[in-house]
Amino acid sequence: MPAEEGLDHSLAFLKEGYLYITNRTLGFQSDVFETRLLGERAICMRGEEAARLFYDEDKFIRFGAAPKRVIKTLFGENGVQTLDGEAHRHRKAMFMSLMSDEAMQRMRGLTRKYWEIAAKNFETRKEVEIYEEAKELLCRVACEWAGVPLEPEEVREKTSWFGALFESPASIGITYMKGRNARTKAESWISGLIEDVRTNRFTAPEHSALAVISFHRDLNGQLLDLKTAAVEMLNIIRPIVAVSIYIAFTALAVIQQPEEREKLAGSDEVRLGHFIQEVRRFYPFFPVTAARVAEDFVWNGYRFEQGTLTMLDLYGTNHHPDLWDKPEKFMPDRFQHWRGSPFRFIPQGGGDHDTGHRCAGEWITLEIMKESLDFLANRMSYDVPQQDLSYSFSDIPSLPHSNIVIQNVRSV
C-alpha cells in the first residue's frame, strides 16, 4: 500500500481540507494509501469500490472512529453514528420510522411556509445574507416538524446553538469552544423537554420525532437515558439546520449558472431535482467519514489490520474522474439518466439507508433543497451586489465567503 512519509499529517489535513485525500491519491496514482493522522496510522480511500468496502459492516465498525472533538460538538455521545451491529440497526430503524412519505410532504410544506414568510420579510430590508437567514429559517422548520416548541424570541438563540454544532468541529480556539458550549446548552434544553414529555407535563405531537424518541426503547426494552435521547433529538434538528450550507451553495449555483437557472422556469420538479443533486455532488459538504477495521483482512492486495483508522473521501468520490464525466463542471443534466448507486454518489455518506450508515435524513435534505431552489430561482427576484463568492477547500464546513448577499428582494 502506498504510504505517506512523516510522523503525522494532521496539520496538512487541516490545511488542505476537502482535497487532502484526493491530492495524495493523484500523487500515488492509487485510490488507497496509508498515512498518519491524529498520532496514529490511518488508511485513506476514495472511489466507488472503496465506498462499497467501507460500508461492509463485517469489515468496519464505527465505535471509536470519530475524533473526540467531533463527538463533543457535531455528533454527541452514544448517538446513532457511533453504534454498530444490531444496536445500530435498532436505533436506525427509529430514525427511518420518521421518514414516511407523509412526513416528507409535511417537511416540504413547512419549508414553503417559512420561505414565504422570509421572502416577505426580505422585501423590507436593504440586504440579506442567505446563509444566515437559511439557518434561522431551517431552525423554525426543524423544530416545528420535530414537534419541539419554539417561541419567536427563542429562534435566534437556538439557531446559534445548532449552527455552532456543525460549524465548530474542525476549528480551534473560540469557535471550537463555542461548539462545545452550544452542545451542553442544547442537550440540557432538549433533555428537559423529553423529561416533560415522559412525565406528561408536555404532550408531544403524535408520531413526531419528539414523541418517537422520547419513548423509544433499546434492545433491552429500556427507555433511552435522557442524555442519549437528547443527542438523538439533536441528530434530527442539527442536520436539518445544516442544510443551510447547501442552500448557500444552491444560491451560488443559481447566480453563477444562469443557463441552468433558465431551465428551472416553471418549477418543474424533475429539473429542480437534477439541479439540487448536482449541487450536492459539486460543492463541498462533508469531507470524509471515518471507521475502524473490525478484523484483519486483505483487499486488492492491501492488508487492513484490526483497529486501523480508515477514512473514506466523500468529496473526492463525488469528483472521481473514473465515476463522473467532467466532474469539475456543474452539469445538472448528468442526473437525467442517473440510475443511482449507493456507493458512487455519496455527499452524505453511502450504503443502505435502512440498515447501514447512510444519512437517514437524506430525503429531508432533498425536499428542503428543492423548495429552497424554487424560491431562489423562480419565486423571488433580487439583485446580487459585488461580493466575494469564492469558497475555500480548507474551511470545514466550506461556505461562500460572503454568505451570499442579495438586495432589493421582491416576491414573485
# chains A, B, ... in the order shown; residues from 1 in each chain; ligands from 1
call {"tool": "residues_around", "arguments": {"residues": "stretch 235-249 of chain A", "least_positions_apart": "6", "cutoff": "6 Å", "atoms": "only C-alpha atoms", "output": "PyMOL selection string"}}
result
chain A and resi 131+134-135+138-139+142+162
call {"tool": "select_by_dssp", "arguments": {"residues": "stretch 187-299 of chain A", "states": "alpha helix (DSSP H)", "output": "number ranges by chain"}}
result
A: 187-198, 209-214, 226-256, 258-262, 269-282
call {"tool": "closest_residue", "arguments": {"among": "A:Ser168, A:Asn378, A:Ser214, A:Thr175", "to": "A:Lys263", "atoms": "only C-alpha atoms"}}
result
A:Asn378
call {"tool": "select_by_dssp", "arguments": {"residues": "stretch 204-405 of chain A", "states": "strand (DSSP E or B)", "output": "number ranges by chain"}}
result
A: 217, 223, 288-293, 297-299, 302-304, 309-313, 347, 349, 380-383, 405
call {"tool": "atom_distance", "arguments": {"atom1": "atom CA of A:Gly307", "atom2": "atom CA of A:Ala42"}}
result
9.8 Å
call {"tool": "closest_residue", "arguments": {"among": "A:Gly47, A:Gly39, A:Pro400, A:Pro332", "to": "A:Leu314", "atoms": "only C-alpha atoms"}}
result
A:Gly47
call {"tool": "closest_atom_pairs", "arguments": {"of": "stretch 80-186 of chain A", "to": "stretch 65-76 of chain A", "cutoff": "10 Å", "atoms": "only C-alpha atoms", "output": "Markdown table"}}
result
| residue | atom | partner | partner_atom | distance |
| --- | --- | --- | --- | --- |
| A:Val80 | CA | A:Phe75 | CA | 8.7 |
| A:Gln81 | CA | A:Phe75 | CA | 7.3 |
| A:Thr82 | CA | A:Ala66 | CA | 7.7 |
| A:Phe162 | CA | A:Leu74 | CA | 9.3 |
| A:Gly163 | CA | A:Leu74 | CA | 9.8 |
| A:Ala164 | CA | A:Thr73 | CA | 8.0 |
| A:Leu165 | CA | A:Leu74 | CA | 4.9 |
| A:Phe166 | CA | A:Leu74 | CA | 5.4 |
| A:Glu167 | CA | A:Leu74 | CA | 8.4 |
| A:Ser168 | CA | A:Thr73 | CA | 7.0 |
| A:Pro169 | CA | A:Val70 | CA | 5.2 |
| A:Ala170 | CA | A:Val70 | CA | 7.8 |
| A:Ser171 | CA | A:Arg69 | CA | 9.4 |
| A:Ile172 | CA | A:Arg69 | CA | 9.8 |
| A:Tyr176 | CA | A:Thr73 | CA | 8.0 |
| A:Met177 | CA | A:Thr73 | CA | 8.9 |
| A:Lys178 | CA | A:Thr73 | CA | 9.1 |
| A:Gly179 | CA | A:Thr73 | CA | 5.4 |
| A:Arg180 | CA | A:Thr73 | CA | 5.2 |
| A:Asn181 | CA | A:Thr73 | CA | 8.5 |
| A:Ala182 | CA | A:Thr73 | CA | 7.9 |
| A:Arg183 | CA | A:Thr73 | CA | 6.0 |
| A:Thr184 | CA | A:Thr73 | CA | 9.0 |
call {"tool": "write_last_selection", "arguments": {"atoms": "C-alpha atoms", "output": "compact mmCIF listing (two decimals), in the first residue's frame"}}
result
# COMPACT_ATOMS: atom_id res chain seq x y z
CA VAL A 80 -26.53 6.50 16.22
CA GLN A 81 -23.39 7.40 14.24
CA THR A 82 -21.20 5.67 16.84
CA PHE A 162 -27.49 24.43 16.26
CA GLY A 163 -25.22 26.30 13.87
CA ALA A 164 -22.29 26.08 16.27
CA LEU A 165 -22.62 22.28 16.38
CA PHE A 166 -21.69 21.87 12.71
CA GLU A 167 -19.56 24.98 12.25
CA SER A 168 -17.07 24.17 15.04
CA PRO A 169 -15.68 20.56 14.87
CA ALA A 170 -12.72 21.33 12.61
CA SER A 171 -11.98 24.67 14.26
CA ILE A 172 -9.71 25.59 17.12
CA TYR A 176 -14.50 25.17 18.89
CA MET A 177 -15.35 26.13 22.47
CA LYS A 178 -18.50 27.82 21.18
CA GLY A 179 -19.48 24.47 19.66
CA ARG A 180 -18.87 22.58 22.90
CA ASN A 181 -20.83 25.13 24.91
CA ALA A 182 -23.65 25.02 22.40
CA ARG A 183 -23.89 21.24 22.73
CA THR A 184 -24.07 21.47 26.51
call {"tool": "closest_residue", "arguments": {"among": "A:Ile406, A:Ile255, A:Ile61, A:Leu150", "to": "A:Ala294", "atoms": "only C-alpha atoms"}}
result
A:Ile61
call {"tool": "closest_residue", "arguments": {"among": "A:Leu53, A:Val128, A:Ile194, A:Leu224", "to": "A:Asp383", "atoms": "only C-alpha atoms"}}
result
A:Val128
call {"tool": "residues_around", "arguments": {"residues": "stretch 335-348 of chain A", "least_positions_apart": "4", "cutoff": "7 Å", "atoms": "only C-alpha atoms", "output": "PyMOL selection string"}}
result
chain A and resi 47-48+51-52+274+280-281+285-286+314-315+317-318+352+358-359
call {"tool": "residues_around", "arguments": {"residues": "A:Thr228", "least_positions_apart": "3", "cutoff": "7 Å", "atoms": "only C-alpha atoms", "output": "VMD selection string"}}
result
chain A and resid 78 to 79 224 to 225 231 to 232
call {"tool": "write_last_selection", "arguments": {"atoms": "C-alpha atoms", "output": "tab-separated table (two decimals), in the first residue's frame"}}
result
chain	number	residue	atom	x	y	z
A	78	ASN	CA	-23.67	7.49	22.19
A	79	GLY	CA	-25.52	8.72	19.12
A	224	LEU	CA	-33.01	5.78	26.32
A	225	ASP	CA	-31.39	7.75	29.12
A	231	VAL	CA	-28.40	13.53	21.49
A	232	GLU	CA	-30.71	11.71	19.09
call {"tool": "atom_distance", "arguments": {"atom1": "atom CA of A:Arg125", "atom2": "atom CA of A:Met369"}}
result
23.8 Å
